[in-house]
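See structure below.
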Amino acid sequence: MFGCDGAGMNHEQEAELRNAVLARNAARRRLQLATGGAVAVAVGLSGVFAALAAGSTHFKKAIVRAPATRSARPLAALTVAPAAPLVSANVDPPTSASPPASAPTPSYQPPVVSSGGS
Amino acid sequence: MRTTSFAALGTSAFVAVADDDALDHARATLEREVRGLDAVCSRFRADSELARANARSGERVDISPQLGELVSVALRARVTSHGCVDPTLGADLRACGYDRTFALVRSRGRWQIDCGPARLRPPQPVELDTENLTLRVPAGVELDLGATAKAWCADWSADLIARSTGSSVLVSLGGDIAVAGPPAAWPIRIAEDHSAPLAAPGPVVEITSGGLATSSTSVRRWQTDRGEAHHILDPRSGRPVPETWRSVSVAAPTCVEANVAATAAIVLGDEAPSWLEATATPARLVRANGRVSFVSGWPSDRRAA
């Protein structure tokens with residue numbers, strides 16, 4: 001049996017932690033929903049403007065201008081609401097929803113940096 | 001490929017980008033994020049948000065979204081590590097002598113441990129409300145986010161830089177490494193001390209995504225009246241763990257997961273290899289006597305030297 005839980009978490013503590021994680025996930029889902037909505041609107045507007053541009057100039061130019069992936073770039077500014085999925089949302093130890101990690105491979109290149117104690 | 005580094009968080013911050021033109025932006029982003037992290041969760045700044053929350057233990061306090069996320073990540077680490085990586089050990093670390101920046105701890109000389117004999121203690125409940133952004137640290141407890149915050153910042157910064165520049169990027173904060181952006185092979189030396197020269201002997205491995213971190217008991221050490229101490233505590237006793245392993249390096253989907261697993265392995269002692277195998281976590285473990293083990297597909301040193 002692995003673990004360092006000592007006396008172990010009681011049900012109340014587990015519930016507190018579970019609630020905290022669930023609340024975070026709920027907030028994250030709302031943020032993702034809002035983000036998705038914003039992206040959808042941006043993509044839609046880009047399409048509309050591209051179509052307008054196509055109608056007023058050359059068809060081929062409109063096709064070139066249509067990609068809307070850049071519209072998602074400003075989302076990087078949402079750093080004040082850190083929501084990067086760093087660990088699995090599954091609260092049941094010991095399982096993890098993260099995919100298994102890829103093992104490193106041997107390298108024959110000069111290293112760019114060291115990993116070690118700090 | 002271009003790189004740059006600077007001193008930060010009591011250690012070094014390093015960023016490498018595959019696209020040469022991305023370096024200036026990458027450095028500026030990392031400097032900003034590291035500065036922000038220090039202001040939010042430094043244990044050694046009286047004006048940090050975490051220090052203020054610790055000073056008001058027992059009370060519910062309002063917190064920023066970033067501190068909410070950092071505490072959430074730390075509490076999650078406690079669960080995934082089965083309690084081996086516990087953010088409620090700040091007071092124990094202080095009692096053991098790690099009560100100021102490590103440069104000052106190292107220069108101070110012998111520390112008299114005054115926390116009494118080691119005792120078994122249950123995990124301390126932390127009340128975090130991420131909906132309303134409030135935090136209640138249990139009375140008498142101090143949070144220390146050292147096991148997860150630096151790695152979180154590496155993950156977060158690497159992702160930000162990759163998204164804003166489109167370049168493949170590697171960020172290292174004191175040897176906690178995160179890689180993001182288009183897949184690229186990043187060669188990394190595995191060492192006891194992340195600040196060792198790159199030309200020093202040791203295995204070199206490559207990762208193309210995720211994180212790689214090393215926890216070690218051989219770098220952050222200081223003198224006490226009970227012998228040498230180090231910074232990785234056993235949550236059951238509040239004391240430095242017995243040194244079964246000198247260092248453990250782990251690769252994982254994120255730097256946070258890698259660092260949590262590496263620290264948990266140090267705490268688990270002889271149980272670590274089977275736990276890492278059971279969780280399919282690639283790792284390299286160095287025993288106190290120097291003997292090296294590899295689990296879950298981590299390449300042997302002969303292949304990676």
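Each chain in the structure tokens gets a letter, A, B and so on, in the order shown; residues start at 1 in every chain, and ligands are counted from 1 in the order they appear.
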**Study point:** Residues near B:Glu206, cut-off 8 Å, only C-alpha atoms, skip fewer than 2 positions along chain, as a ChimeraX atom specification
**Key:** /A:104-107 /B:185-188,204,208
Preceding selection exported with N, CA and C atoms as a PDB file, in the first residue's frame:
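Saved file selection.pdb follows:
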ATOM      1  N   PRO A 104      11.441   9.633 -21.827  1.00  0.00           N
ATOM      2  CA  PRO A 104      12.455  10.351 -22.594  1.00  0.00           C
ATOM      3  C   PRO A 104      13.255   9.359 -23.430  1.00  0.00           C
ATOM      4  N   THR A 105      13.900   9.865 -24.441  1.00  0.00           N
ATOM      5  CA  THR A 105      14.756   8.998 -25.266  1.00  0.00           C
ATOM      6  C   THR A 105      16.203   9.435 -25.095  1.00  0.00           C
ATOM      7  N   PRO A 106      17.140   8.531 -25.311  1.00  0.00           N
ATOM      8  CA  PRO A 106      18.547   8.933 -25.211  1.00  0.00           C
ATOM      9  C   PRO A 106      18.847   9.998 -26.258  1.00  0.00           C
ATOM     10  N   SER A 107      19.739  10.908 -25.916  1.00  0.00           N
ATOM     11  CA  SER A 107      20.078  11.963 -26.866  1.00  0.00           C
ATOM     12  C   SER A 107      21.579  11.970 -27.129  1.00  0.00           C
TER      13      SER A 107
ATOM     14  N   ALA B 185      12.723  18.111 -30.379  1.00  0.00           N
ATOM     15  CA  ALA B 185      13.499  17.317 -29.428  1.00  0.00           C
ATOM     16  C   ALA B 185      14.416  18.236 -28.626  1.00  0.00           C
ATOM     17  N   TRP B 186      14.215  18.271 -27.314  1.00  0.00           N
ATOM     18  CA  TRP B 186      15.034  19.123 -26.455  1.00  0.00           C
ATOM     19  C   TRP B 186      15.974  18.243 -25.630  1.00  0.00           C
ATOM     20  N   PRO B 187      17.298  18.327 -25.879  1.00  0.00           N
ATOM     21  CA  PRO B 187      18.232  17.522 -25.106  1.00  0.00           C
ATOM     22  C   PRO B 187      18.475  18.118 -23.712  1.00  0.00           C
ATOM     23  N   ILE B 188      18.357  17.289 -22.701  1.00  0.00           N
ATOM     24  CA  ILE B 188      18.445  17.754 -21.302  1.00  0.00           C
ATOM     25  C   ILE B 188      19.418  16.861 -20.537  1.00  0.00           C
ATOM     26  N   VAL B 204      22.251  12.319 -21.027  1.00  0.00           N
ATOM     27  CA  VAL B 204      21.454  13.337 -21.722  1.00  0.00           C
ATOM     28  C   VAL B 204      20.260  12.626 -22.368  1.00  0.00           C
ATOM     29  N   THR B 208      10.018  15.720 -26.075  1.00  0.00           N
ATOM     30  CA  THR B 208       9.430  16.552 -27.129  1.00  0.00           C
ATOM     31  C   THR B 208       8.177  17.279 -26.657  1.00  0.00           C
TER      32      THR B 208
END
Exercise for review: Kindly determine which residues of chain B lie within 6 Å of chain A, considering only C-alpha atoms, and give the answer as number ranges by chain.
Suggested key: B: 65-66, 80, 82-84, 122, 125, 128-131, 174-175, 187-194, 204-207, 214-216, 219, 236, 252-253, 282, 297-298, 303-304
Would you save the residues from that selection as an mmCIF file, in the first residue's frame, using C-alpha atoms?
data_model
loop_
_atom_site.group_PDB
_atom_site.id
_atom_site.type_symbol
_atom_site.label_atom_id
_atom_site.label_comp_id
_atom_site.auth_asym_id
_atom_site.auth_seq_id
_atom_site.Cartn_x
_atom_site.Cartn_y
_atom_site.Cartn_z
ATOM 1 C CA PRO B 65 -7.580 33.782 -9.094
ATOM 2 C CA GLN B 66 -3.893 32.947 -9.436
ATOM 3 C CA THR B 80 -2.489 12.328 -6.412
ATOM 4 C CA HIS B 82 -1.396 10.012 -1.567
ATOM 5 C CA GLY B 83 -0.422 12.734 0.878
ATOM 6 C CA CYS B 84 3.312 12.516 0.172
ATOM 7 C CA PRO B 122 -2.949 13.934 10.144
ATOM 8 C CA PRO B 125 -7.783 20.568 6.030
ATOM 9 C CA LEU B 128 -10.442 26.719 -0.683
ATOM 10 C CA ASP B 129 -13.477 28.188 -2.420
ATOM 11 C CA THR B 130 -12.550 28.675 -6.064
ATOM 12 C CA GLU B 131 -16.050 29.934 -6.860
ATOM 13 C CA GLY B 174 15.589 25.763 -11.245
ATOM 14 C CA GLY B 175 15.656 22.536 -13.247
ATOM 15 C CA PRO B 187 18.232 17.522 -25.106
ATOM 16 C CA ILE B 188 18.445 17.754 -21.302
ATOM 17 C CA ARG B 189 21.270 16.740 -19.011
ATOM 18 C CA ILE B 190 20.219 14.893 -15.868
ATOM 19 C CA ALA B 191 22.261 16.073 -12.896
ATOM 20 C CA GLU B 192 22.242 16.216 -9.109
ATOM 21 C CA ASP B 193 22.377 19.990 -9.289
ATOM 22 C CA HIS B 194 20.634 21.853 -12.102
ATOM 23 C CA VAL B 204 21.454 13.337 -21.722
ATOM 24 C CA VAL B 205 17.862 12.570 -22.668
ATOM 25 C CA GLU B 206 15.349 14.178 -24.989
ATOM 26 C CA ILE B 207 11.725 15.087 -24.488
ATOM 27 C CA THR B 214 14.246 16.313 -10.643
ATOM 28 C CA SER B 215 13.861 16.342 -6.885
ATOM 29 C CA SER B 216 17.024 16.059 -4.876
ATOM 30 C CA VAL B 219 21.386 20.520 -3.003
ATOM 31 C CA ARG B 236 3.818 12.218 8.623
ATOM 32 C CA ALA B 252 5.298 13.431 -17.171
ATOM 33 C CA PRO B 253 2.618 15.140 -19.274
ATOM 34 C CA PRO B 282 9.103 7.072 -16.382
ATOM 35 C CA GLY B 297 10.876 3.030 -19.912
ATOM 36 C CA TRP B 298 13.364 5.683 -18.782
ATOM 37 C CA ARG B 303 22.219 4.529 -23.712
ATOM 38 C CA ALA B 304 21.801 8.181 -22.715
#
Exercise for review: Determine which residues of stretch 153-229 of chain B DSSP labels as strand (DSSP E) from the backbone of this structure, then write them out as a PyMOL selection string.
Suggested key: chain B and resi 169-173+176-180+186-193+204-207+210-216+221-224+227-229
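Counting only C-alpha atoms, the residue from B:Thr148, B:Ala154, B:Ser167, B:Asn132 that sits nearest to B:Met1 is B:Ser167.
Atom CA of B:Ser209 sits 5.2 Å away from atom CA of B:Val179.
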Review point. Mind pulling up the distance from atom CA of B:Ala7 to atom CA of B:Ala147?
Key: 19.0 Å
Check your understanding: If we count only C-alpha atoms, what is near B:Arg35 at a cut-off of 9 Å, once residues fewer than 4 positions away on the same chain are taken out, given as JSON, numbers by chain?
Key -> {"B": [8, 9, 30, 31, 39, 40]}
Please, could you write that set of residues out with C-alpha atoms as a PDB file, in the first residue's frame?
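File produced: part.pdb:
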ATOM      1  CA  ALA B   8      14.734  34.429 -10.209  1.00  0.00           C
ATOM      2  CA  LEU B   9      12.887  32.773  -7.322  1.00  0.00           C
ATOM      3  CA  LEU B  30       8.902  34.560 -18.454  1.00  0.00           C
ATOM      4  CA  GLU B  31      10.202  37.546 -16.470  1.00  0.00           C
ATOM      5  CA  ALA B  39       4.448  38.415  -5.583  1.00  0.00           C
ATOM      6  CA  VAL B  40       1.639  35.901  -5.118  1.00  0.00           C
TER       7      VAL B  40
END
Practice item. Any chance you could list, as number ranges by chain, the residues in stretch 48-276 of chain B that come up helix (DSSP H, G or I) when DSSP is run on the backbone? Key: B: 49-55, 65-80, 90-95, 102-108, 149-165, 255-276
Exercise for review: In Å, rounded to a single decimal, give me how far atom CA of B:Ala103 is from atom CA of B:Ala16.
Suggested key: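 Atom CA of B:Ala103 lies at a distance of 26.2 Å from atom CA of B:Ala16.
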Practice item. Give me the residues within 7 Å of B:Val61 as a ChimeraX atom specification, counting only C-alpha atoms and dropping any in the same chain fewer than 4 places off. Key: /B:53,134-136
